[in-house]
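All remarks here apply to the structure that follows.
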Amino acid sequence: MSNGVDKNRRHFLTVATSVVGGIGVAAMAVPFFASMRPSAKARLAGAPVEVDVSKLEDGERVTLSWRGRPVQVVRRGEEAIARLSEIRDRLRDPDSERSDQPEYATNEYRSLKPEFLVMVAVCTHLGCSPQFIPDPGDAAMGSDWPGGYFCACHGSRFDLAGRVYRNVPAPTNMDIPPHRYPDDNTLIVGEDAEVA
Ligand code: FES
C-alpha cells in the first residue's frame, strides 16, 4: 500500500494491445496477462505486439506475451527513476555490460524512455517468474528496498530496471526485448527502434 492506493490491485489494469505487421489489428482487453486469442500463432511466431501506454500511471504495469514470453511494461515515476542511480553499488551489472538488451537500452534505465521499463519478466537463474514489488521500503523486503522484483524460487532480487543484485543466484539482468514508440501513446514490443 502507498498513499492509500493498492498498487498491486492496479496491476490488473486493462489495456489495449494488438498484434501488428501484416495480420491486421486485433484489439483486446488484457487483465494482467495479455490474451493469446485470436492471434496466438502469430504471437508465438514473433509478431510484434502493440500496447497503448497512455493509461499507465506511475507504479503500474501491464503484462503481455511476446514470442511466448511474458513481457512487462512498467511506468516509473520521477522518484523511481532517481533511485536507479542510487543503488549502483548493490548491483552485479549496473551498466548491463553482460546482460541482454538492445544497444539503445544499454543505459541506466535499460529502456528507450526512462519512464517505461519494457522487460522479459523471467528470472535469469532458472526461469521462475519474479514478483513485482514496486513500493520502496516494502514491509516484506526491508526498509532499504528501493522497489523492484523478487524471485521467490531462490531469492534473487532485481531493481526497477531489471538489474540483478549482488550475491544472489541470478547471474545477469533480466532481458530487454526490442521495442520502439511510433508515437507518444504507443509502444511496439518486438521491433527495434531506429537510433540515429
Ligand atoms: S529461478 Fe529465480 S532465483 Fe532461482
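Lettering and numbering for the C-alpha cells are positional, with chains as A, B, ... in the shown order, residues counted from 1 in each chain, and ligands counted from 1 in the shown order.
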Practice task
Check which residues fall inside 7 Å of ligand 1 when counting only C-alpha atoms and all ligand atoms, and print them as an NGL selection string.
Solution key: :A and (123-128 or 130 or 151-156 or 169-170)
Closest-contact table, range 90-117 of chain A side, partner range 55-74 of chain A, 9 Å, counting only C-alpha atoms, as a tab-separated table:
```
residue	atom	partner	partner_atom	distance
A:Glu115	CA	A:Val74	CA	8.0
A:Phe116	CA	A:Val74	CA	5.5
A:Leu117	CA	A:Val74	CA	5.0
```
Exercise for the section: Give me, please, the distance in Å between CA of Gly148 in chain A and CA of Leu160 in chain A, quoted to one decimal. Expected result: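 If I compute the distance from CA of Gly148 in chain A to CA of Leu160 in chain A, I get 4.3 Å.
The protein and nucleic acid residues lying at most 10 Å from Glu194 in chain A are A:Tyr104, A:His179, A:Arg180, A:Tyr181, with only C-alpha atoms considered and sequence neighbours fewer than 5 positions away removed.
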Practice task
Would you kindly return, as a ChimeraX atom specification, each protein, DNA or RNA residue with an atom no farther than 12 Å from any atom of Arg157 in chain A, considering only C-alpha atoms and excluding same-chain residues fewer than 4 positions away?
Solution key: /A:90-92,122-125,129-133,141,145-153,161-174
